[in-house]
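J.: This is the content of my_file_17.cif (mmCIF, C-alpha atoms):
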```cif
data_data
#
loop_
_atom_site.label_atom_id
_atom_site.label_comp_id
_atom_site.auth_asym_id
_atom_site.auth_seq_id
_atom_site.Cartn_x
_atom_site.Cartn_y
_atom_site.Cartn_z
CA MET A 1 -8.48 55.41 -17.27
CA SER A 2 -11.37 56.46 -15.03
CA GLY A 3 -13.34 59.66 -15.58
CA GLN A 4 -13.22 62.90 -13.59
CA PRO A 5 -11.76 62.10 -10.13
CA PRO A 6 -13.83 62.90 -7.05
CA SER A 7 -13.29 66.08 -5.08
CA TYR A 8 -11.25 65.47 -1.96
CA GLY A 9 -11.28 67.62 1.16
CA GLN A 10 -11.61 71.37 1.03
CA GLY A 11 -8.24 72.30 -0.41
CA GLN A 12 -9.73 74.79 -2.92
CA PRO A 13 -12.10 77.69 -2.08
CA GLY A 14 -15.70 77.05 -3.01
CA GLN A 15 -15.36 73.28 -3.22
CA PRO A 16 -17.78 71.18 -1.16
CA PRO A 17 -16.50 68.87 1.59
CA PRO A 18 -15.56 65.32 0.59
CA PRO A 19 -18.42 62.83 0.24
CA ALA A 20 -18.95 60.77 3.37
CA GLN A 21 -18.65 57.46 1.55
CA TYR A 22 -14.90 57.90 1.11
CA GLY A 23 -14.40 57.78 4.88
CA TYR A 24 -11.62 60.42 4.96
CA GLY A 25 -11.36 61.74 8.50
CA ALA A 26 -14.49 62.75 10.38
CA PRO A 27 -17.30 65.28 9.72
CA PRO A 28 -17.20 68.81 11.21
CA PRO A 29 -17.92 69.09 14.95
CA GLY A 30 -21.60 68.98 15.81
CA GLN A 31 -22.60 67.06 12.70
CA HIS A 32 -23.34 63.35 12.60
CA ALA A 33 -22.50 61.35 9.51
CA PRO A 34 -25.20 58.95 8.29
CA HIS A 35 -24.53 55.26 8.58
CA ILE A 36 -23.06 54.07 5.28
CA GLN A 37 -22.25 50.48 4.51
CA GLN A 38 -18.53 50.33 3.76
CA PRO A 39 -16.99 47.60 1.56
CA TYR A 40 -14.28 45.31 2.87
CA GLY A 41 -14.40 46.54 6.48
CA GLY A 42 -14.08 50.27 5.73
CA TYR A 43 -14.70 53.06 8.19
CA SER A 44 -17.85 55.02 8.98
CA PRO A 45 -16.92 58.30 10.70
CA ILE A 46 -19.05 59.35 13.69
CA VAL A 47 -18.73 62.25 16.10
CA THR A 48 -19.73 62.70 19.71
CA PRO A 49 -19.36 66.00 21.60
CA GLY A 50 -15.73 66.64 22.51
CA VAL A 51 -14.47 63.35 21.09
CA VAL A 52 -13.51 62.42 17.55
CA GLN A 53 -14.22 58.76 16.88
CA MET A 54 -14.35 56.25 14.07
CA GLN A 55 -16.56 53.23 14.08
CA VAL A 56 -15.37 50.04 12.42
CA ILE A 57 -18.12 47.80 11.10
CA GLY A 58 -18.60 44.97 13.58
CA GLN A 59 -16.50 46.75 16.22
CA GLN A 60 -16.62 49.99 18.18
CA PRO A 61 -13.06 51.16 18.89
CA GLN A 62 -12.42 54.78 19.74
CA VAL A 63 -9.87 56.74 17.71
CA GLN A 64 -8.04 59.46 19.60
CA TRP A 65 -7.18 62.32 17.26
CA MET A 66 -4.46 64.85 17.94
CA THR A 67 -5.74 68.29 18.92
CA ARG A 68 -4.94 70.93 16.32
CA PRO A 69 -2.23 73.22 17.78
CA GLN A 70 -1.50 76.85 17.02
CA GLY A 71 0.89 76.92 14.08
CA PRO A 72 3.81 79.29 13.46
CA PRO A 73 3.29 82.41 11.33
CA GLY A 74 2.92 81.59 7.64
CA CYS A 75 2.22 77.91 8.31
CA PRO A 76 0.13 76.34 5.52
CA PRO A 77 -3.32 75.34 6.82
CA GLY A 78 -3.32 71.77 8.09
CA LEU A 79 0.43 71.64 8.76
CA GLU A 80 0.05 73.12 12.26
CA TYR A 81 0.08 69.55 13.57
CA LEU A 82 3.62 69.07 12.28
CA SER A 83 4.96 72.13 14.12
CA GLN A 84 4.89 70.21 17.43
CA ILE A 85 5.95 66.80 16.13
CA ASP A 86 9.37 65.24 15.60
CA GLN A 87 8.11 61.74 14.74
CA LEU A 88 5.28 60.19 12.75
CA ILE A 89 4.11 56.59 12.46
CA VAL A 90 2.51 55.60 9.15
CA LYS A 91 0.47 52.39 9.33
CA GLN A 92 -1.01 50.93 6.17
CA GLN A 93 -4.41 49.31 6.62
CA VAL A 94 -4.91 45.63 5.89
CA GLU A 95 -7.37 45.21 3.01
CA LEU A 96 -9.25 41.94 3.53
CA PHE A 97 -10.55 41.80 -0.03
CA GLU A 98 -7.01 42.08 -1.37
CA LEU A 99 -5.78 39.47 1.09
CA VAL A 100 -8.43 36.94 0.02
CA THR A 101 -8.53 37.56 -3.73
CA GLY A 102 -5.11 38.98 -4.61
CA TRP A 103 -6.89 41.88 -6.39
CA GLU A 104 -4.81 45.03 -5.82
CA THR A 105 -6.88 47.71 -4.07
CA ALA A 106 -6.13 51.36 -3.37
CA ASN A 107 -3.96 51.80 -0.29
CA LYS A 108 -5.09 53.54 2.90
CA TYR A 109 -2.94 54.69 5.80
CA LYS A 110 -3.31 55.99 9.35
CA ILE A 111 -0.72 58.59 10.33
CA LYS A 112 -0.11 58.90 14.08
CA ASN A 113 2.21 60.76 16.42
CA SER A 114 4.52 59.12 18.96
CA MET A 115 1.70 59.17 21.58
CA GLY A 116 -0.57 57.06 19.37
CA GLN A 117 -2.88 59.93 18.50
CA GLN A 118 -4.03 60.00 14.90
CA VAL A 119 -2.81 63.08 13.04
CA TYR A 120 -3.94 62.36 9.48
CA PHE A 121 -5.64 59.77 7.32
CA ALA A 122 -4.25 59.03 3.84
CA ALA A 123 -5.96 57.34 0.90
CA GLU A 124 -4.66 56.48 -2.54
CA GLU A 125 -6.44 57.50 -5.71
CA SER A 126 -5.35 55.54 -8.79
CA ASP A 127 -6.80 53.77 -11.78
CA ALA A 128 -7.97 50.20 -11.10
CA CYS A 129 -6.50 48.93 -14.38
CA LEU A 130 -3.11 50.47 -13.61
CA ARG A 131 -3.13 48.85 -10.17
CA GLN A 132 -3.55 45.41 -11.71
CA CYS A 133 -1.36 45.87 -14.79
CA CYS A 134 1.42 48.15 -13.53
CA GLY A 135 1.44 47.14 -9.88
CA ALA A 136 3.73 49.25 -7.70
CA ASN A 137 4.99 51.22 -10.71
CA ARG A 138 1.60 52.88 -11.18
CA GLY A 139 0.99 56.57 -10.95
CA PHE A 140 -1.03 57.67 -7.92
CA THR A 141 -2.31 60.55 -5.86
CA ILE A 142 -2.31 60.25 -2.07
CA HIS A 143 -4.93 62.44 -0.39
CA ILE A 144 -4.01 63.24 3.23
CA THR A 145 -6.83 64.59 5.38
CA ASP A 146 -7.16 65.85 8.95
CA ASN A 147 -9.77 64.95 11.57
CA ALA A 148 -12.32 67.29 9.98
CA GLY A 149 -12.08 65.45 6.67
CA GLN A 150 -10.28 68.38 5.02
CA GLU A 151 -7.49 67.52 2.60
CA VAL A 152 -4.31 69.24 3.79
CA ILE A 153 -1.53 67.43 1.89
CA ARG A 154 -1.51 65.86 -1.55
CA VAL A 155 1.25 63.56 -2.85
CA LYS A 156 1.42 62.89 -6.59
CA ARG A 157 3.48 60.49 -8.65
CA GLU A 158 3.17 60.41 -12.42
CA PHE A 159 3.37 57.09 -14.22
CA LYS A 160 6.69 56.78 -16.09
CA CYS A 161 6.91 53.80 -18.40
CA CYS A 162 10.72 53.99 -18.48
CA ALA A 163 11.30 54.49 -14.75
CA MET A 164 13.70 51.82 -13.53
CA GLY A 165 16.71 51.33 -11.25
CA GLN A 166 18.95 54.02 -9.82
CA TRP A 167 21.51 53.56 -12.63
CA PHE A 168 19.35 55.64 -15.00
CA ALA A 169 17.94 58.13 -12.51
CA CYS A 170 20.13 60.90 -13.95
CA ILE A 171 17.56 61.08 -16.77
CA ASP A 172 14.40 62.85 -15.63
CA ALA A 173 12.12 60.54 -17.60
CA CYS A 174 13.62 57.53 -15.79
CA ALA A 175 13.75 58.90 -12.23
CA HIS A 176 11.08 58.11 -9.67
CA GLU A 177 9.66 61.29 -8.17
CA VAL A 178 6.78 62.55 -6.04
CA GLN A 179 5.39 66.05 -5.80
CA ILE A 180 4.02 67.27 -2.48
CA GLU A 181 1.35 69.97 -2.22
CA ALA A 182 0.23 71.61 1.04
CA PRO A 183 -2.50 72.69 0.80
CA PRO A 184 -3.54 71.01 -2.47
CA GLY A 185 -2.65 73.20 -5.42
CA HIS A 186 0.39 74.76 -3.68
CA ILE A 187 3.63 72.84 -4.25
CA VAL A 188 5.95 72.77 -1.23
CA GLY A 189 8.54 70.30 -2.47
CA TYR A 190 9.63 67.17 -4.29
CA VAL A 191 11.40 63.92 -3.52
CA LYS A 192 13.45 62.82 -6.52
CA GLN A 193 15.56 59.71 -7.10
CA LYS A 194 19.26 60.27 -7.76
CA ARG A 195 21.62 58.18 -9.84
CA SER A 196 23.65 55.79 -7.69
CA CYS A 197 25.58 52.58 -8.09
CA TRP A 198 24.11 50.58 -5.21
CA GLU A 199 22.32 52.28 -2.31
CA PRO A 200 19.18 54.18 -3.33
CA LYS A 201 19.64 57.94 -3.05
CA TYR A 202 17.21 60.85 -3.21
CA LYS A 203 17.14 64.62 -3.24
CA ILE A 204 14.58 66.42 -1.09
CA LEU A 205 13.78 69.66 -2.88
CA ASP A 206 11.72 72.76 -2.15
CA HIS A 207 9.05 74.17 -4.47
CA ASP A 208 11.73 75.81 -6.66
CA HIS A 209 13.68 72.54 -7.00
CA HIS A 210 16.42 73.80 -4.68
CA LYS A 211 18.08 70.97 -2.76
CA LYS A 212 17.33 71.10 0.97
CA LEU A 213 18.15 67.59 2.17
CA VAL A 214 19.45 64.29 0.80
CA MET A 215 18.39 60.75 1.70
CA GLN A 216 20.18 57.43 1.35
CA GLY A 217 18.71 53.95 1.79
CA PRO A 218 20.29 50.61 2.73
CA CYS A 219 22.15 48.50 0.21
CA CYS A 220 19.99 45.45 0.93
CA MET A 221 16.23 45.54 1.51
CA ILE A 222 15.40 41.86 1.78
CA THR A 223 12.84 41.10 4.48
CA GLY A 224 12.00 37.67 5.85
CA PRO A 225 12.33 35.31 8.81
CA CYS A 226 16.08 35.91 8.96
CA CYS A 227 15.94 39.63 8.08
CA THR A 228 13.67 41.17 10.70
CA TRP A 229 15.42 44.50 11.24
CA ASP A 230 14.11 47.89 10.17
CA GLN A 231 15.13 49.29 6.79
CA ASP A 232 16.42 52.81 7.41
CA PHE A 233 16.57 55.60 4.83
CA ILE A 234 18.80 58.18 6.51
CA VAL A 235 18.16 61.87 5.84
CA TYR A 236 21.18 64.19 5.80
CA SER A 237 21.76 67.91 5.42
CA LYS A 238 22.09 69.02 1.80
CA ASP A 239 25.88 68.71 1.92
CA GLY A 240 25.54 65.14 3.21
CA ASP A 241 27.63 65.77 6.35
CA ASN A 242 25.04 65.77 9.14
CA GLU A 243 22.25 63.29 9.84
CA VAL A 244 18.97 65.11 10.50
CA GLY A 245 16.35 62.35 10.42
CA LYS A 246 15.25 59.14 8.78
CA VAL A 247 12.41 57.22 7.18
CA SER A 248 12.25 53.63 8.45
CA LYS A 249 10.33 50.68 7.09
CA GLN A 250 9.52 48.82 10.31
CA TRP A 251 9.33 45.04 10.63
CA SER A 252 5.67 44.15 11.26
CA GLY A 253 5.96 40.47 12.09
CA LEU A 254 6.24 37.42 9.87
CA MET A 255 2.51 36.81 9.30
CA LYS A 256 1.72 40.39 8.41
CA GLU A 257 4.84 40.84 6.27
CA TYR A 258 4.21 37.72 4.22
CA PHE A 259 0.44 37.62 3.89
CA THR A 260 -0.37 41.31 3.43
CA ASP A 261 1.09 44.39 1.77
CA ALA A 262 0.30 46.52 4.85
CA ASP A 263 3.59 48.18 5.73
CA ASN A 264 4.50 50.28 8.77
CA PHE A 265 6.86 53.25 8.53
CA GLY A 266 8.40 55.65 10.99
CA VAL A 267 9.48 59.20 10.11
CA SER A 268 11.71 61.28 12.37
CA PHE A 269 12.96 64.83 11.87
CA PRO A 270 14.12 67.79 13.99
CA MET A 271 11.35 69.53 15.91
CA ASP A 272 12.40 72.91 14.45
CA LEU A 273 12.50 71.73 10.83
CA ASP A 274 10.30 73.77 8.49
CA VAL A 275 6.82 72.22 8.49
CA LYS A 276 6.89 72.22 4.68
CA MET A 277 9.98 70.02 4.68
CA LYS A 278 8.31 67.76 7.26
CA ALA A 279 5.41 67.35 4.85
CA VAL A 280 7.86 66.53 2.06
CA MET A 281 9.54 63.90 4.23
CA LEU A 282 6.12 62.40 4.89
CA GLY A 283 5.60 62.27 1.13
CA ALA A 284 8.88 60.34 0.83
CA VAL A 285 7.26 57.48 2.75
CA PHE A 286 4.83 56.75 -0.08
CA LEU A 287 7.54 56.88 -2.77
CA ILE A 288 9.72 54.44 -0.79
CA ASP A 289 6.78 52.15 -0.07
CA PHE A 290 5.79 51.85 -3.72
CA MET A 291 9.36 51.61 -5.05
CA PHE A 292 10.55 48.82 -2.79
CA PHE A 293 8.02 47.22 -0.46
CA GLU A 294 4.72 47.31 -2.33
CA HIS A 295 6.35 45.43 -5.20
CA GLN A 296 7.73 42.73 -2.89
CA GLN A 297 4.34 42.09 -1.32
CA ASN A 298 2.53 42.10 -4.67
CA GLN A 299 4.89 39.38 -5.89
CA GLN A 300 4.20 37.32 -2.78
CA ASN A 301 0.44 37.71 -3.30
CA GLN A 302 0.74 36.55 -6.91
CA ASN A 303 2.89 33.56 -5.93
CA ARG A 304 0.39 32.42 -3.30
CA PHE A 305 -2.46 32.32 -5.79
CA MET A 306 -0.61 30.71 -8.71
#
```
Using structure tokens, write down the structure that the file contains.

T.:
Amino acid sequence: MSGQPPSYGQGQPGQPPPPAQYGYGAPPPGQHAPHIQQPYGGYSPIVTPGVVQMQVIGQQPQVQWMTRPQGPPGCPPGLEYLSQIDQLIVKQQVELFELVTGWETANKYKIKNSMGQQVYFAAEESDACLRQCCGANRGFTIHITDNAGQEVIRVKREFKCCAMGQWFACIDACAHEVQIEAPPGHIVGYVKQKRSCWEPKYKILDHDHHKKLVMQGPCCMITGPCCTWDQDFIVYSKDGDNEVGKVSKQWSGLMKEYFTDADNFGVSFPMDLDVKMKAVMLGAVFLIDFMFFEHQQNQQNQNRFM
């Protein structure tokens, strides 16, 4: 395993801001980040007055960030954005080095609202050896930062060597689970796999492990030229009677689906849902991605290079 992990964002008092080379978000207003050579087409954040931008090496697109709104009373810092949102789009970045070599790299995601404005940036932290040896079953930490580069949400999954299908999810040691913190260090909820016979099922829990919502996935998650529809994981009220939202794995097109592991997800929830539960539903995206779709793409990558 690697040594002491780097400090991300400003989730804890007294900690310095994240180092610029990680490319999480953008520097504080009025400061200009130095030009840093990024590997494999990474991002170098730059700021101009009144506009938050990101410069891609070799290109100069402009990234429109969502303006931070006024949050409700008691809203955890950084979740104010979610108070005025009922939909999020999570787009995984294509890693050229991984595409060419088949070497599994840490995942990165852009998180946008329905207007195309970027709300957050998410980056995986995991051990390189676990990525190659354990693939999608690896443990990970997803650091989610805002446009100031401050970490506002953290999603953790521990590696469980005996985690497997939903048949054995009644045993804690065999159930897939993520823990969501907002801000980092303050747990707001969990997404935990439930035992089921066929369709994948999950409990969405608060910080005290009280069930708030339940989620059920489709019975078949095969994607390909003849299976181009979205894969919907429907979110219901805790009694299972009323549909309140969903997490959808969106079809990205044949070339992107087959040749990369860059998945696109949509998350929808009621506008008045507690922002903490919205953050937990966002965390569910990463659990679903790694459990079902990251593994499929990793297998395709291995097959292409055999």

J.: Please report the interatomic distance between CA of Ala122 (chain A) and CA of Pro72 (chain A) in Å with one decimal.

T.: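 A separation of 23.8 Å between them.
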
J.: Pick the closest to Glu177 (chain A) from A:Gly149, A:Gly116, A:Gly71, A:Gly139: which is it, counting all atoms listed in the file?

T.: A:Gly139

J.: Might you pull out every residue within 8 Å of region 181-196 of chain A, with only C-alpha atoms counted and same-chain residues fewer than 3 positions away left off, and present them as a PDB file with C-alpha atoms, keeping the file's coordinate frame?

T.:
```pdb
ATOM      1  CA  GLY A  11      -8.240  72.300  -0.410  1.00  0.00           C
ATOM      2  CA  GLN A  12      -9.730  74.790  -2.920  1.00  0.00           C
ATOM      3  CA  PRO A  76       0.130  76.340   5.520  1.00  0.00           C
ATOM      4  CA  PRO A  77      -3.320  75.340   6.820  1.00  0.00           C
ATOM      5  CA  GLY A  78      -3.320  71.770   8.090  1.00  0.00           C
ATOM      6  CA  LEU A  79       0.430  71.640   8.760  1.00  0.00           C
ATOM      7  CA  GLU A 151      -7.490  67.520   2.600  1.00  0.00           C
ATOM      8  CA  VAL A 152      -4.310  69.240   3.790  1.00  0.00           C
ATOM      9  CA  ILE A 153      -1.530  67.430   1.890  1.00  0.00           C
ATOM     10  CA  ARG A 154      -1.510  65.860  -1.550  1.00  0.00           C
ATOM     11  CA  VAL A 155       1.250  63.560  -2.850  1.00  0.00           C
ATOM     12  CA  GLN A 166      18.950  54.020  -9.820  1.00  0.00           C
ATOM     13  CA  TRP A 167      21.510  53.560 -12.630  1.00  0.00           C
ATOM     14  CA  PHE A 168      19.350  55.640 -15.000  1.00  0.00           C
ATOM     15  CA  ALA A 169      17.940  58.130 -12.510  1.00  0.00           C
ATOM     16  CA  CYS A 170      20.130  60.900 -13.950  1.00  0.00           C
ATOM     17  CA  ALA A 175      13.750  58.900 -12.230  1.00  0.00           C
ATOM     18  CA  HIS A 176      11.080  58.110  -9.670  1.00  0.00           C
ATOM     19  CA  GLU A 177       9.660  61.290  -8.170  1.00  0.00           C
ATOM     20  CA  VAL A 178       6.780  62.550  -6.040  1.00  0.00           C
ATOM     21  CA  GLU A 199      22.320  52.280  -2.310  1.00  0.00           C
ATOM     22  CA  PRO A 200      19.180  54.180  -3.330  1.00  0.00           C
ATOM     23  CA  LYS A 201      19.640  57.940  -3.050  1.00  0.00           C
ATOM     24  CA  TYR A 202      17.210  60.850  -3.210  1.00  0.00           C
ATOM     25  CA  LYS A 203      17.140  64.620  -3.240  1.00  0.00           C
ATOM     26  CA  ILE A 204      14.580  66.420  -1.090  1.00  0.00           C
ATOM     27  CA  LEU A 205      13.780  69.660  -2.880  1.00  0.00           C
ATOM     28  CA  ASP A 206      11.720  72.760  -2.150  1.00  0.00           C
ATOM     29  CA  HIS A 207       9.050  74.170  -4.470  1.00  0.00           C
ATOM     30  CA  ASP A 208      11.730  75.810  -6.660  1.00  0.00           C
ATOM     31  CA  HIS A 209      13.680  72.540  -7.000  1.00  0.00           C
ATOM     32  CA  LYS A 276       6.890  72.220   4.680  1.00  0.00           C
ATOM     33  CA  MET A 277       9.980  70.020   4.680  1.00  0.00           C
ATOM     34  CA  ALA A 279       5.410  67.350   4.850  1.00  0.00           C
ATOM     35  CA  VAL A 280       7.860  66.530   2.060  1.00  0.00           C
ATOM     36  CA  MET A 281       9.540  63.900   4.230  1.00  0.00           C
ATOM     37  CA  GLY A 283       5.600  62.270   1.130  1.00  0.00           C
ATOM     38  CA  ALA A 284       8.880  60.340   0.830  1.00  0.00           C
TER      39      ALA A 284
END
```

J.: CA of Asn107 (chain A) to CA of Cys133 (chain A): how many Å, to one decimal?

T.: 15.9 Å

J.: Which value, in Å to one decimal, gives the distance between CA of Asp289 (chain A) and CA of Asp263 (chain A)?

T.: 7.7 Å

J.: Using all atoms listed in the file, which residue out of A:Asn242, A:Phe290, A:Asp230, A:Lys112 lies closest to Phe159 (chain A)?

T.: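 With all atoms listed in the file as the atom set, the closest residue is A:Phe290.
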
J.: Nearest residue to Thr141 (chain A) out of A:Gln118, A:Gln179, A:Gln216, A:Thr105, using all atoms listed in the file?

T.: A:Gln179

J.: Between A:Phe286, A:Gln117, A:Asp239, A:Asp146, single out the one closest to Gln62 (chain A), counting only C-alpha atoms.

T.: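 Residue with the minimum atom-to-atom distance to Gln62 (chain A): A:Gln117.
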
J.: Between A:Lys246, A:Ile234, A:Glu294, A:Val90, single out the one closest to Cys134 (chain A), counting only C-alpha atoms.

T.: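 Among the listed residues, the smallest separation from Cys134 (chain A) belongs to A:Glu294.
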
J.: For each of A:Cys220, A:Ala136, A:Val119, A:Leu273, take the minimum atom-to-atom distance to Phe293 (chain A), counting only C-alpha atoms, then give the residue where this is smallest.

T.: A:Ala136
